[in-house]
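Peer 1: Structure below; questions to follow.
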Amino acid sequence: MARIMPPTESSRTVTSFLKRWRKSKQAEKHSLIKQAAHFNPEANLQPSVFIMSALRNVSLRACKALAASNSVMPSSARVVSTSPRKDQSAVALTFEDAVAAKTCPFRKSLEPPRDTGSLTADLGSEPAEVKPFSQMPGPQGLPFIGTLLQYFKKDGPKFNKMFEVQKQRSEEFGPIYKEQIGNFRTVIVSSPWEYKKLMRAEGKYPNRKPMDPISHYRLARDMGLGLVTAQGEEWYKQRSAVSKKMLKLTEVAKFAGHMADIADDFVTRLDSVRDEASEVPQLDKELFKWALESIGTFLFEDRLGCVGNNPSSMTKSFIENLEGFFKALQPLLYNLPIYKLVPTKMYKKFEGHADKLFEIGHHLVEKKMSEMQTDSESKSDFLQYLMDNGNMDSKEVTSVAVEMLTGGVETVTNTMTWCLYTLAKNPRAQNKMYQEIREAKENAGGELSPEQIAKLPYVKAVVKETLRKYPITYATSRFNDSDLEIAGYQVPAGSHVQANLFGMYHNADYFYQPEEFLPERWLMSGQQMDPVVKSLYHLVWGHGARMCIGRRIAEQEMHLALTKIVDKFSLSYHHDDVEPVLNTVMTPDRPVRIRFTPRDQ
Ligand code: HEM
C-alpha cells in the first residue's frame, strides 16, 4: 500500500521549489529539475503522481525523463503537468493526496496508468540535446513515393483507417515520428504537451494540410476558394468577417430557438418513420436532413423543408451528392495528385458530385441573396453582414455560405450518429443523461428552453466523450512557420505536423480505460484531470485562429437534438458492433440501426 505524503509537506516542498525555479537562470534549472526528482527520497512513495503547476513544458519534459530514469523514483511514478495557476496551494499533490482531498465519484480516473512509458521515458531530453530531423524515427519507404505502396498491399495499412495506422505507428515509434506517403511528408505527434509547442508557435496565417482536390476543383470552376482552402491574406480577410457571426456564443444563441423547433420536428419525424422493430431505416439520411435544415436556418433564417415527409428532390440530391463528395475525396487526398495533370476516374467521380453539390448550394444562396434585395421581409443576418462588411465581394460571400452548407452537414451528421450509437450501447450513461434532463425539467416546471438545455453538463460531456472515442476529424495539423523543437527533435520550418488525435484519445496514459464510454471524465475538475489532457477535447475542432468556425453552431445543434431525442426515446442497439472508417470524416462502416423506444410507451 502506498504511503501518503502529508499534503502540507508536499505543498511546502513544491512551493519553495517553485520560488527557486522562477528566480533561477536557465543553466541552473537543470540541477533544480534533478532536485525535483528527489522531492520525496523515500522509495516507498509508490505509486505517486506529482502535479506540478507553473513549470513550463520544457522543464517538465526533462523532469519526467529524470523521474523515469531516477533510481529513487519508481518507474511507474507519473509527473503531470498543469498550466500555471494563481492558486499555488494546489501545486503539488501526490496521487493519494488528490484522491483524499476529493470526494470524486470517478476516483478511478485518478489512478496512475499501469505503464507510463510513453509519457516519461520517451519524452526526450532538454533542447540542448535536440536531435536532427534526419534521426526522427518512422516507417521506411522508397525514394519519391515513401510508404505509398504499403497502403496497396492486402495486409498493409489502409487509408480509410489512417487513424489506426497512426495509433499503431506511434506505439512503435514513440511520441513523434515521420512518414512520407507519396510526395507528402508528415510529422506525427502523439503527446499533447509536445503538440502544444506547435500550437504556441502559430503565426497570423495558420496553414494546415490543403484539401488539394477541392482547391483544384474550385479554381477550375472559377469559384472563390472559401475558408477551408484559402490561404494567407485571402483567408484572413474572410475569416475575420465570418468569425464575428459564427464564433460568438451570443450570435449563435440567437438561432437556438429555431434550431430547437427543428429538433422537435426531427423527434416527431423519427417517431413517425420507425419500423416494426422501432428502428429508423436510413437513420443517416434522416440525420443529414436535420443537419441541413439546422445550418439552413442559420444561413437563410428560413426553413428548407428537409425535416418533413416531403423533402424536395433538391434536398435529396444535395444529401446524396454530399455523401458521395466526401467518399470520393478521401482517396484523392492520399494518392499522388495525378488528377492535376489528367482528370483520373477517381477525380471525375469527385467532380461529378461536386458539380451537383455546388450547383444546389449556389442556387440556394443566390436565391436568398436576390430575395433579400427585392423582398423587405426576407432577411439573413449572416449573409447581410457579410455583404455589408465591404471586405468580401458577392462571389466570396456565396463561396463561404456554400461552404457552410457542405462543411456543416457531413461533420454534424456523423458526430450525431456516433452519439446516438454510443448512447444506445451504454445504457448507464444514457440513463444518467436522461436523469439530468428529467431533473432539469422538474426544476423548470415543464419543457426546457434552449438556454436551459445549453446548461446541461452531462449532455455536453456525452458529446465530448463521443468525439473522444470517434474524433470525426482525426487529423488536426499545421505547417510550422519556424524551426521548432518537438519531443526532442528538430522540426524544420515548413514541415507538415499533425496531432495524432485518435492515438492520444485512445491512450491509457491520458484517459483511464480509453475504450470505455465514460462522459464523467469530462466533468472532473482541473485538479482531478490534468488540464492539458482535459483541453485535448478542443483539438477535435482544431486550434488557434483557424479552428473550426462552425463549432458553436455544431455544439448547439447537437445539444438541443440529443436532449430532445433522449427525453423522448430510450435508445438501444441490437446488432454487430459498428466500426469507424474514414470517408474524409470518420463515419460508421455500415448503416447504424438504433432502436428508438418511446419512453411513454
Ligand atoms: C462535429 C462537428 C464538426 C467538427 C468536429 C469540425 C471540425 C473541424 C476541424 C478540425 C477543422 C480544422 C480546424 C483547424 O485547422 O484548426 C474545421 C474547420 C472548418 N469547419 Fe468544422 N467541424 C464541425 C462542424 C462544422 C460546422 C457545423 C461548420 C459550418 C457551419 C463547419 C465549418 C468549418 C469551416 C468553414 C472550417 C474551415 C475554417 C478555416 O480554415 O478558417 N464545421 N472543422
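By convention in this document, the chains of the C-alpha cells carry letters A, B, ... by their order, each chain's residues are numbered from 1, and ligands are numbered from 1 in the order they are shown.
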From segment 223-408 of chain A, collect each residue whose DSSP state is helix (DSSP H, G or I) and return the set as a short mmCIF file (atom, residue, chain, number, x, y, z; two decimals) with N, CA and C atoms, in the first residue's frame.

Peer 2:
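What ended up in selection.cif:
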data_model
loop_
_atom_site.label_atom_id
_atom_site.label_comp_id
_atom_site.auth_asym_id
_atom_site.auth_seq_id
_atom_site.Cartn_x
_atom_site.Cartn_y
_atom_site.Cartn_z
N GLY A 226 -12.97 29.90 -50.67
CA GLY A 226 -13.67 29.58 -49.43
C GLY A 226 -12.69 29.46 -48.27
N LEU A 227 -13.25 29.40 -47.08
CA LEU A 227 -12.40 29.40 -45.88
C LEU A 227 -11.51 28.17 -45.78
N VAL A 228 -12.08 27.03 -46.12
CA VAL A 228 -11.33 25.78 -45.92
C VAL A 228 -10.05 25.76 -46.73
N THR A 229 -10.11 26.26 -47.97
CA THR A 229 -8.93 26.12 -48.82
C THR A 229 -8.13 27.42 -49.03
N GLY A 232 -3.34 32.52 -46.42
CA GLY A 232 -2.75 33.85 -46.22
C GLY A 232 -3.78 34.95 -46.07
N GLU A 233 -3.48 36.09 -46.72
CA GLU A 233 -4.33 37.29 -46.63
C GLU A 233 -5.77 36.99 -47.02
N GLU A 234 -5.93 36.20 -48.10
CA GLU A 234 -7.28 35.92 -48.61
C GLU A 234 -8.11 35.22 -47.53
N TRP A 235 -7.48 34.23 -46.90
CA TRP A 235 -8.17 33.50 -45.83
C TRP A 235 -8.49 34.44 -44.66
N TYR A 236 -7.50 35.24 -44.29
CA TYR A 236 -7.61 36.11 -43.11
C TYR A 236 -8.78 37.09 -43.26
N LYS A 237 -8.89 37.63 -44.47
CA LYS A 237 -9.95 38.62 -44.74
C LYS A 237 -11.34 37.98 -44.53
N GLN A 238 -11.52 36.80 -45.09
CA GLN A 238 -12.82 36.12 -44.97
C GLN A 238 -13.06 35.69 -43.52
N ARG A 239 -12.02 35.14 -42.94
CA ARG A 239 -12.15 34.58 -41.60
C ARG A 239 -12.53 35.66 -40.59
N SER A 240 -11.87 36.85 -40.68
CA SER A 240 -12.16 37.89 -39.70
C SER A 240 -13.62 38.31 -39.79
N ALA A 241 -14.14 38.34 -41.03
CA ALA A 241 -15.54 38.74 -41.18
C ALA A 241 -16.47 37.67 -40.60
N VAL A 242 -16.23 36.43 -40.95
CA VAL A 242 -17.14 35.35 -40.57
C VAL A 242 -17.10 35.06 -39.07
N SER A 243 -15.91 35.15 -38.48
CA SER A 243 -15.75 34.82 -37.05
C SER A 243 -16.72 35.58 -36.17
N LYS A 244 -16.92 36.86 -36.50
CA LYS A 244 -17.75 37.70 -35.63
C LYS A 244 -19.16 37.14 -35.51
N LYS A 245 -19.63 36.50 -36.53
CA LYS A 245 -21.01 35.97 -36.51
C LYS A 245 -21.07 34.52 -36.05
N MET A 246 -20.00 33.80 -36.29
CA MET A 246 -20.12 32.35 -36.05
C MET A 246 -19.48 31.86 -34.77
N LEU A 249 -20.80 33.21 -28.96
CA LEU A 249 -21.92 32.44 -28.40
C LEU A 249 -23.23 33.20 -28.49
N THR A 250 -23.15 34.51 -28.21
CA THR A 250 -24.39 35.30 -28.20
C THR A 250 -25.02 35.34 -29.60
N GLU A 251 -24.17 35.41 -30.63
CA GLU A 251 -24.69 35.45 -32.00
C GLU A 251 -25.35 34.13 -32.36
N VAL A 252 -24.65 33.05 -32.02
CA VAL A 252 -25.15 31.72 -32.37
C VAL A 252 -26.42 31.40 -31.56
N ALA A 253 -26.42 31.87 -30.30
CA ALA A 253 -27.58 31.59 -29.44
C ALA A 253 -28.86 32.21 -29.99
N ALA A 256 -30.89 29.60 -31.49
CA ALA A 256 -31.18 28.41 -30.70
C ALA A 256 -32.67 28.06 -30.74
N GLY A 257 -33.52 29.08 -30.73
CA GLY A 257 -34.97 28.84 -30.75
C GLY A 257 -35.37 28.11 -32.02
N HIS A 258 -34.88 28.59 -33.17
CA HIS A 258 -35.21 27.94 -34.45
C HIS A 258 -34.65 26.52 -34.48
N MET A 259 -33.44 26.39 -33.97
CA MET A 259 -32.83 25.06 -34.00
C MET A 259 -33.57 24.09 -33.07
N ALA A 260 -34.10 24.64 -31.97
CA ALA A 260 -34.87 23.79 -31.06
C ALA A 260 -36.16 23.33 -31.74
N ASP A 261 -36.79 24.24 -32.51
CA ASP A 261 -38.01 23.85 -33.25
C ASP A 261 -37.69 22.73 -34.24
N ILE A 262 -36.54 22.88 -34.90
CA ILE A 262 -36.14 21.86 -35.88
C ILE A 262 -35.91 20.52 -35.16
N ALA A 263 -35.27 20.60 -33.99
CA ALA A 263 -35.03 19.37 -33.22
C ALA A 263 -36.35 18.72 -32.83
N ASP A 264 -37.35 19.54 -32.45
CA ASP A 264 -38.67 18.99 -32.11
C ASP A 264 -39.28 18.27 -33.31
N ASP A 265 -39.20 18.93 -34.47
CA ASP A 265 -39.73 18.32 -35.69
C ASP A 265 -39.00 17.03 -36.02
N PHE A 266 -37.71 17.04 -35.74
CA PHE A 266 -36.90 15.86 -36.03
C PHE A 266 -37.32 14.67 -35.16
N VAL A 267 -37.59 14.97 -33.89
CA VAL A 267 -38.05 13.91 -32.98
C VAL A 267 -39.39 13.33 -33.48
N THR A 268 -40.27 14.22 -33.89
CA THR A 268 -41.56 13.77 -34.44
C THR A 268 -41.33 12.90 -35.67
N ARG A 269 -40.42 13.35 -36.50
CA ARG A 269 -40.11 12.60 -37.73
C ARG A 269 -39.56 11.20 -37.37
N LEU A 270 -38.63 11.14 -36.43
CA LEU A 270 -38.06 9.85 -36.04
C LEU A 270 -39.16 8.92 -35.55
N ASP A 271 -40.07 9.48 -34.78
CA ASP A 271 -41.16 8.69 -34.23
C ASP A 271 -42.01 8.11 -35.37
N SER A 272 -42.24 8.93 -36.38
CA SER A 272 -43.17 8.50 -37.43
C SER A 272 -42.54 7.53 -38.44
N VAL A 273 -41.24 7.51 -38.53
CA VAL A 273 -40.63 6.61 -39.54
C VAL A 273 -40.08 5.32 -38.93
N LEU A 283 -31.24 5.92 -41.00
CA LEU A 283 -31.06 6.94 -39.97
C LEU A 283 -30.10 8.04 -40.43
N ASP A 284 -29.07 7.62 -41.16
CA ASP A 284 -28.08 8.61 -41.63
C ASP A 284 -28.74 9.68 -42.50
N LYS A 285 -29.64 9.25 -43.38
CA LYS A 285 -30.31 10.21 -44.26
C LYS A 285 -31.19 11.17 -43.44
N GLU A 286 -31.83 10.62 -42.42
CA GLU A 286 -32.68 11.46 -41.57
C GLU A 286 -31.81 12.50 -40.85
N LEU A 287 -30.66 12.04 -40.38
CA LEU A 287 -29.77 12.97 -39.66
C LEU A 287 -29.20 14.02 -40.62
N PHE A 288 -28.91 13.60 -41.83
CA PHE A 288 -28.42 14.56 -42.83
C PHE A 288 -29.45 15.69 -43.02
N LYS A 289 -30.71 15.28 -43.13
CA LYS A 289 -31.76 16.28 -43.39
C LYS A 289 -31.90 17.23 -42.20
N TRP A 290 -31.82 16.66 -41.01
CA TRP A 290 -31.90 17.51 -39.81
C TRP A 290 -30.72 18.50 -39.78
N ALA A 291 -29.50 17.99 -40.09
CA ALA A 291 -28.32 18.86 -40.04
C ALA A 291 -28.39 19.95 -41.11
N LEU A 292 -28.90 19.59 -42.29
CA LEU A 292 -29.02 20.58 -43.37
C LEU A 292 -30.05 21.64 -43.00
N GLU A 293 -31.15 21.19 -42.44
CA GLU A 293 -32.20 22.13 -42.02
C GLU A 293 -31.65 23.09 -40.95
N SER A 294 -30.86 22.53 -40.03
CA SER A 294 -30.35 23.35 -38.91
C SER A 294 -29.37 24.41 -39.40
N ILE A 295 -28.45 24.03 -40.25
CA ILE A 295 -27.49 25.04 -40.74
C ILE A 295 -28.21 26.00 -41.69
N GLY A 296 -29.24 25.46 -42.38
CA GLY A 296 -30.03 26.31 -43.28
C GLY A 296 -30.70 27.44 -42.51
N THR A 297 -31.16 27.15 -41.31
CA THR A 297 -31.87 28.19 -40.56
C THR A 297 -30.91 29.30 -40.13
N PHE A 298 -29.65 28.93 -39.93
CA PHE A 298 -28.65 29.95 -39.58
C PHE A 298 -28.33 30.82 -40.80
N LEU A 299 -28.18 30.17 -41.95
CA LEU A 299 -27.78 30.92 -43.15
C LEU A 299 -28.93 31.73 -43.73
N PHE A 300 -30.12 31.13 -43.76
CA PHE A 300 -31.22 31.75 -44.51
C PHE A 300 -32.36 32.26 -43.63
N SER A 313 -36.84 17.32 -54.05
CA SER A 313 -35.86 16.46 -54.74
C SER A 313 -34.47 17.10 -54.67
N MET A 314 -34.47 18.43 -54.57
CA MET A 314 -33.19 19.15 -54.47
C MET A 314 -32.48 18.77 -53.17
N THR A 315 -33.25 18.72 -52.08
CA THR A 315 -32.67 18.34 -50.79
C THR A 315 -32.08 16.94 -50.88
N LYS A 316 -32.86 16.02 -51.47
CA LYS A 316 -32.39 14.64 -51.57
C LYS A 316 -31.11 14.57 -52.37
N SER A 317 -31.10 15.30 -53.50
CA SER A 317 -29.92 15.28 -54.35
C SER A 317 -28.72 15.87 -53.61
N PHE A 318 -28.95 16.94 -52.86
CA PHE A 318 -27.86 17.58 -52.11
C PHE A 318 -27.23 16.56 -51.15
N ILE A 319 -28.09 15.87 -50.44
CA ILE A 319 -27.60 14.93 -49.42
C ILE A 319 -26.85 13.76 -50.07
N GLU A 320 -27.42 13.23 -51.15
CA GLU A 320 -26.74 12.11 -51.82
C GLU A 320 -25.37 12.53 -52.35
N ASN A 321 -25.34 13.70 -52.95
CA ASN A 321 -24.06 14.15 -53.52
C ASN A 321 -23.06 14.57 -52.46
N LEU A 322 -23.57 15.03 -51.34
CA LEU A 322 -22.66 15.40 -50.25
C LEU A 322 -21.93 14.16 -49.73
N GLU A 323 -22.68 13.10 -49.55
CA GLU A 323 -22.09 11.83 -49.09
C GLU A 323 -21.06 11.35 -50.11
N GLY A 324 -21.47 11.38 -51.38
CA GLY A 324 -20.57 10.92 -52.45
C GLY A 324 -19.32 11.78 -52.55
N PHE A 325 -19.50 13.06 -52.34
CA PHE A 325 -18.39 14.03 -52.41
C PHE A 325 -17.29 13.67 -51.40
N PHE A 326 -17.70 13.46 -50.14
CA PHE A 326 -16.69 13.17 -49.11
C PHE A 326 -16.08 11.78 -49.29
N LYS A 327 -16.88 10.85 -49.77
CA LYS A 327 -16.38 9.49 -50.02
C LYS A 327 -15.32 9.54 -51.12
N ALA A 328 -15.61 10.26 -52.19
CA ALA A 328 -14.69 10.32 -53.33
C ALA A 328 -13.45 11.15 -53.00
N LEU A 329 -13.61 12.08 -52.07
CA LEU A 329 -12.47 12.95 -51.72
C LEU A 329 -11.38 12.17 -50.97
N GLN A 330 -11.80 11.24 -50.13
CA GLN A 330 -10.87 10.53 -49.26
C GLN A 330 -9.65 9.95 -50.01
N PRO A 331 -9.83 9.10 -51.05
CA PRO A 331 -8.64 8.55 -51.71
C PRO A 331 -7.82 9.61 -52.44
N LEU A 332 -8.49 10.65 -52.92
CA LEU A 332 -7.75 11.70 -53.65
C LEU A 332 -6.78 12.44 -52.73
N LEU A 333 -7.12 12.48 -51.45
CA LEU A 333 -6.27 13.22 -50.50
C LEU A 333 -4.94 12.51 -50.28
N TYR A 334 -4.91 11.20 -50.47
CA TYR A 334 -3.69 10.46 -50.15
C TYR A 334 -2.90 10.00 -51.37
N ILE A 338 -2.28 12.94 -59.47
CA ILE A 338 -2.23 12.84 -60.95
C ILE A 338 -3.37 13.64 -61.58
N TYR A 339 -4.48 13.77 -60.81
CA TYR A 339 -5.64 14.49 -61.34
C TYR A 339 -5.31 15.93 -61.74
N LYS A 340 -4.20 16.43 -61.19
CA LYS A 340 -3.83 17.81 -61.56
C LYS A 340 -3.33 17.87 -63.01
N LYS A 345 -10.17 8.76 -63.19
CA LYS A 345 -11.53 8.24 -62.96
C LYS A 345 -12.01 8.67 -61.56
N MET A 346 -11.07 8.54 -60.62
CA MET A 346 -11.39 8.88 -59.23
C MET A 346 -11.79 10.37 -59.11
N TYR A 347 -11.02 11.21 -59.81
CA TYR A 347 -11.28 12.64 -59.75
C TYR A 347 -12.63 12.98 -60.42
N LYS A 348 -12.89 12.29 -61.55
CA LYS A 348 -14.14 12.59 -62.27
C LYS A 348 -15.36 12.28 -61.40
N LYS A 349 -15.22 11.22 -60.61
CA LYS A 349 -16.32 10.85 -59.70
C LYS A 349 -16.54 11.98 -58.68
N PHE A 350 -15.43 12.42 -58.13
CA PHE A 350 -15.47 13.52 -57.16
C PHE A 350 -16.07 14.78 -57.79
N GLU A 351 -15.60 15.05 -59.03
CA GLU A 351 -16.04 16.25 -59.75
C GLU A 351 -17.56 16.21 -60.01
N GLY A 352 -18.04 15.02 -60.36
CA GLY A 352 -19.48 14.86 -60.63
C GLY A 352 -20.30 15.23 -59.41
N HIS A 353 -19.89 14.69 -58.25
CA HIS A 353 -20.62 15.01 -57.01
C HIS A 353 -20.50 16.50 -56.69
N ALA A 354 -19.28 17.01 -56.85
CA ALA A 354 -19.04 18.42 -56.50
C ALA A 354 -19.90 19.33 -57.38
N ASP A 355 -20.01 19.02 -58.67
CA ASP A 355 -20.80 19.86 -59.58
C ASP A 355 -22.24 19.97 -59.08
N LYS A 356 -22.82 18.82 -58.75
CA LYS A 356 -24.24 18.83 -58.33
C LYS A 356 -24.38 19.56 -56.98
N LEU A 357 -23.45 19.25 -56.11
CA LEU A 357 -23.49 19.82 -54.76
C LEU A 357 -23.39 21.35 -54.80
N PHE A 358 -22.40 21.83 -55.52
CA PHE A 358 -22.19 23.28 -55.56
C PHE A 358 -23.29 23.98 -56.35
N GLU A 359 -23.82 23.28 -57.35
CA GLU A 359 -24.92 23.88 -58.11
C GLU A 359 -26.11 24.15 -57.17
N ILE A 360 -26.44 23.14 -56.38
CA ILE A 360 -27.57 23.32 -55.45
C ILE A 360 -27.22 24.38 -54.39
N GLY A 361 -26.02 24.29 -53.84
CA GLY A 361 -25.58 25.26 -52.83
C GLY A 361 -25.65 26.68 -53.37
N HIS A 362 -25.11 26.88 -54.56
CA HIS A 362 -25.13 28.22 -55.16
C HIS A 362 -26.55 28.67 -55.41
N HIS A 363 -27.37 27.73 -55.88
CA HIS A 363 -28.76 28.10 -56.15
C HIS A 363 -29.44 28.61 -54.87
N LEU A 364 -29.25 27.87 -53.77
CA LEU A 364 -29.90 28.25 -52.51
C LEU A 364 -29.40 29.62 -52.02
N VAL A 365 -28.09 29.82 -52.08
CA VAL A 365 -27.53 31.07 -51.56
C VAL A 365 -27.91 32.25 -52.47
N GLU A 366 -27.79 32.05 -53.77
CA GLU A 366 -28.09 33.16 -54.68
C GLU A 366 -29.58 33.52 -54.65
N LYS A 367 -30.40 32.49 -54.52
CA LYS A 367 -31.85 32.74 -54.44
C LYS A 367 -32.14 33.62 -53.21
N LYS A 368 -31.53 33.27 -52.12
CA LYS A 368 -31.76 34.04 -50.89
C LYS A 368 -31.25 35.47 -51.04
N MET A 369 -30.06 35.59 -51.65
CA MET A 369 -29.49 36.94 -51.76
C MET A 369 -30.36 37.82 -52.66
N SER A 370 -30.91 37.23 -53.72
CA SER A 370 -31.73 38.08 -54.59
C SER A 370 -33.08 38.38 -53.92
N GLU A 371 -33.61 37.42 -53.16
CA GLU A 371 -34.86 37.67 -52.41
C GLU A 371 -34.66 38.84 -51.43
N MET A 372 -33.49 38.84 -50.82
CA MET A 372 -33.23 39.89 -49.82
C MET A 372 -33.21 41.28 -50.45
N GLN A 373 -32.87 41.31 -51.74
CA GLN A 373 -32.84 42.62 -52.41
C GLN A 373 -34.22 43.09 -52.84
N THR A 374 -35.09 42.11 -53.12
CA THR A 374 -36.40 42.50 -53.65
C THR A 374 -37.52 42.45 -52.60
N ASP A 381 -29.37 37.62 -41.37
CA ASP A 381 -28.40 38.43 -40.63
C ASP A 381 -26.97 38.11 -41.09
N PHE A 382 -26.72 36.80 -41.27
CA PHE A 382 -25.37 36.35 -41.61
C PHE A 382 -24.96 36.85 -43.00
N LEU A 383 -25.80 36.57 -44.00
CA LEU A 383 -25.44 36.97 -45.37
C LEU A 383 -25.38 38.50 -45.48
N GLN A 384 -26.34 39.17 -44.83
CA GLN A 384 -26.36 40.63 -44.89
C GLN A 384 -25.07 41.21 -44.30
N TYR A 385 -24.68 40.64 -43.19
CA TYR A 385 -23.47 41.12 -42.52
C TYR A 385 -22.25 40.97 -43.43
N LEU A 386 -22.16 39.81 -44.07
CA LEU A 386 -21.00 39.59 -44.95
C LEU A 386 -21.03 40.53 -46.15
N MET A 387 -22.24 40.78 -46.68
CA MET A 387 -22.33 41.65 -47.86
C MET A 387 -22.01 43.11 -47.49
N ASP A 388 -22.46 43.50 -46.28
CA ASP A 388 -22.23 44.89 -45.85
C ASP A 388 -20.81 45.12 -45.38
N SER A 394 -19.40 39.56 -53.78
CA SER A 394 -20.54 38.62 -53.68
C SER A 394 -20.08 37.19 -54.01
N LYS A 395 -19.07 37.07 -54.86
CA LYS A 395 -18.57 35.73 -55.17
C LYS A 395 -18.00 35.07 -53.90
N GLU A 396 -17.30 35.86 -53.13
CA GLU A 396 -16.70 35.32 -51.90
C GLU A 396 -17.78 35.00 -50.86
N VAL A 397 -18.77 35.88 -50.78
CA VAL A 397 -19.86 35.64 -49.82
C VAL A 397 -20.56 34.32 -50.16
N THR A 398 -20.88 34.17 -51.45
CA THR A 398 -21.55 32.93 -51.87
C THR A 398 -20.68 31.73 -51.56
N SER A 399 -19.42 31.86 -51.88
CA SER A 399 -18.50 30.75 -51.70
C SER A 399 -18.43 30.31 -50.23
N VAL A 400 -18.35 31.29 -49.34
CA VAL A 400 -18.27 30.98 -47.91
C VAL A 400 -19.59 30.34 -47.43
N ALA A 401 -20.71 30.90 -47.90
CA ALA A 401 -22.01 30.37 -47.45
C ALA A 401 -22.21 28.94 -47.94
N VAL A 402 -21.83 28.68 -49.17
CA VAL A 402 -21.98 27.32 -49.71
C VAL A 402 -21.11 26.36 -48.90
N GLU A 403 -19.96 26.85 -48.51
CA GLU A 403 -19.05 26.02 -47.72
C GLU A 403 -19.66 25.61 -46.37
N MET A 404 -20.45 26.52 -45.80
CA MET A 404 -21.11 26.20 -44.53
C MET A 404 -22.11 25.06 -44.74
N LEU A 405 -22.77 25.10 -45.90
CA LEU A 405 -23.74 24.04 -46.18
C LEU A 405 -23.04 22.69 -46.35
N THR A 406 -21.90 22.72 -47.01
CA THR A 406 -21.20 21.45 -47.25
C THR A 406 -20.44 21.00 -46.00
N GLY A 407 -19.69 21.92 -45.39
CA GLY A 407 -18.86 21.55 -44.22
C GLY A 407 -19.68 21.29 -42.98
N GLY A 408 -20.85 21.90 -42.90
CA GLY A 408 -21.60 21.83 -41.65
C GLY A 408 -22.58 20.67 -41.57
#

Peer 1: Kindly provide the residues of chain A that approach ligand 1 to within 6 Å, each paired with its closest atom pair and their distance in Å to one decimal, based on only C-alpha atoms and all ligand atoms, listed by chain and increasing number, as CSV.

Peer 2:
residue,atom,partner,partner_atom_place_in_ligand_line,distance
A:Arg208,CA,ligand 1,15 (O),5.7
A:Leu227,CA,ligand 1,39 (C),4.9
A:Val228,CA,ligand 1,37 (C),4.0
A:Arg239,CA,ligand 1,41 (O),5.7
A:Met404,CA,ligand 1,29 (C),4.2
A:Gly407,CA,ligand 1,31 (C),4.9
A:Gly408,CA,ligand 1,27 (C),3.4
A:Thr411,CA,ligand 1,2 (C),4.5
A:Val412,CA,ligand 1,2 (C),4.4
A:Thr415,CA,ligand 1,1 (C),5.3
A:Ile472,CA,ligand 1,5 (C),5.8
A:Thr473,CA,ligand 1,10 (C),5.2
A:Thr476,CA,ligand 1,10 (C),5.5
A:Val540,CA,ligand 1,10 (C),5.1
A:Trp541,CA,ligand 1,10 (C),3.9
A:Gly542,CA,ligand 1,16 (O),3.2
A:His543,CA,ligand 1,16 (O),4.2
A:Arg546,CA,ligand 1,41 (O),4.4
A:Met547,CA,ligand 1,16 (O),3.5
A:Cys548,CA,ligand 1,17 (C),3.6
A:Ile549,CA,ligand 1,33 (C),4.9
A:Gly550,CA,ligand 1,28 (C),3.5
A:Arg551,CA,ligand 1,24 (C),5.5
A:Ile553,CA,ligand 1,27 (C),5.7
A:Ala554,CA,ligand 1,27 (C),4.4

Peer 1: Please report the interatomic distance between atom CA of Lys248 of chain A and atom CA of Gln498 of chain A in Å with one decimal.

Peer 2: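 Interatomic distance here is 27.3 Å.
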
Peer 1: One decimal, in Å: what's the spacing between atom CA of His496 of chain A and atom CA of Val187 of chain A?

Peer 2: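 Between atom CA of His496 of chain A and atom CA of Val187 of chain A the gap is 6.1 Å.
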
Peer 1: Which polymer residues have any atom within 8 Å of an atom of Ser495 of chain A, counting only C-alpha atoms, with same-chain residues fewer than 2 positions away left out, as a VMD selection string?

Peer 2: chain A and resid 185 to 187 479 to 480 491 to 493 497

Peer 1: Show me, as a ChimeraX atom specification, the residues that have an atom within 10 Å of Ser449 of chain A when counting only C-alpha atoms, minus same-chain residues fewer than 3 positions from it.

Peer 2: /A:256-257,260,441,444,446,452-454,560
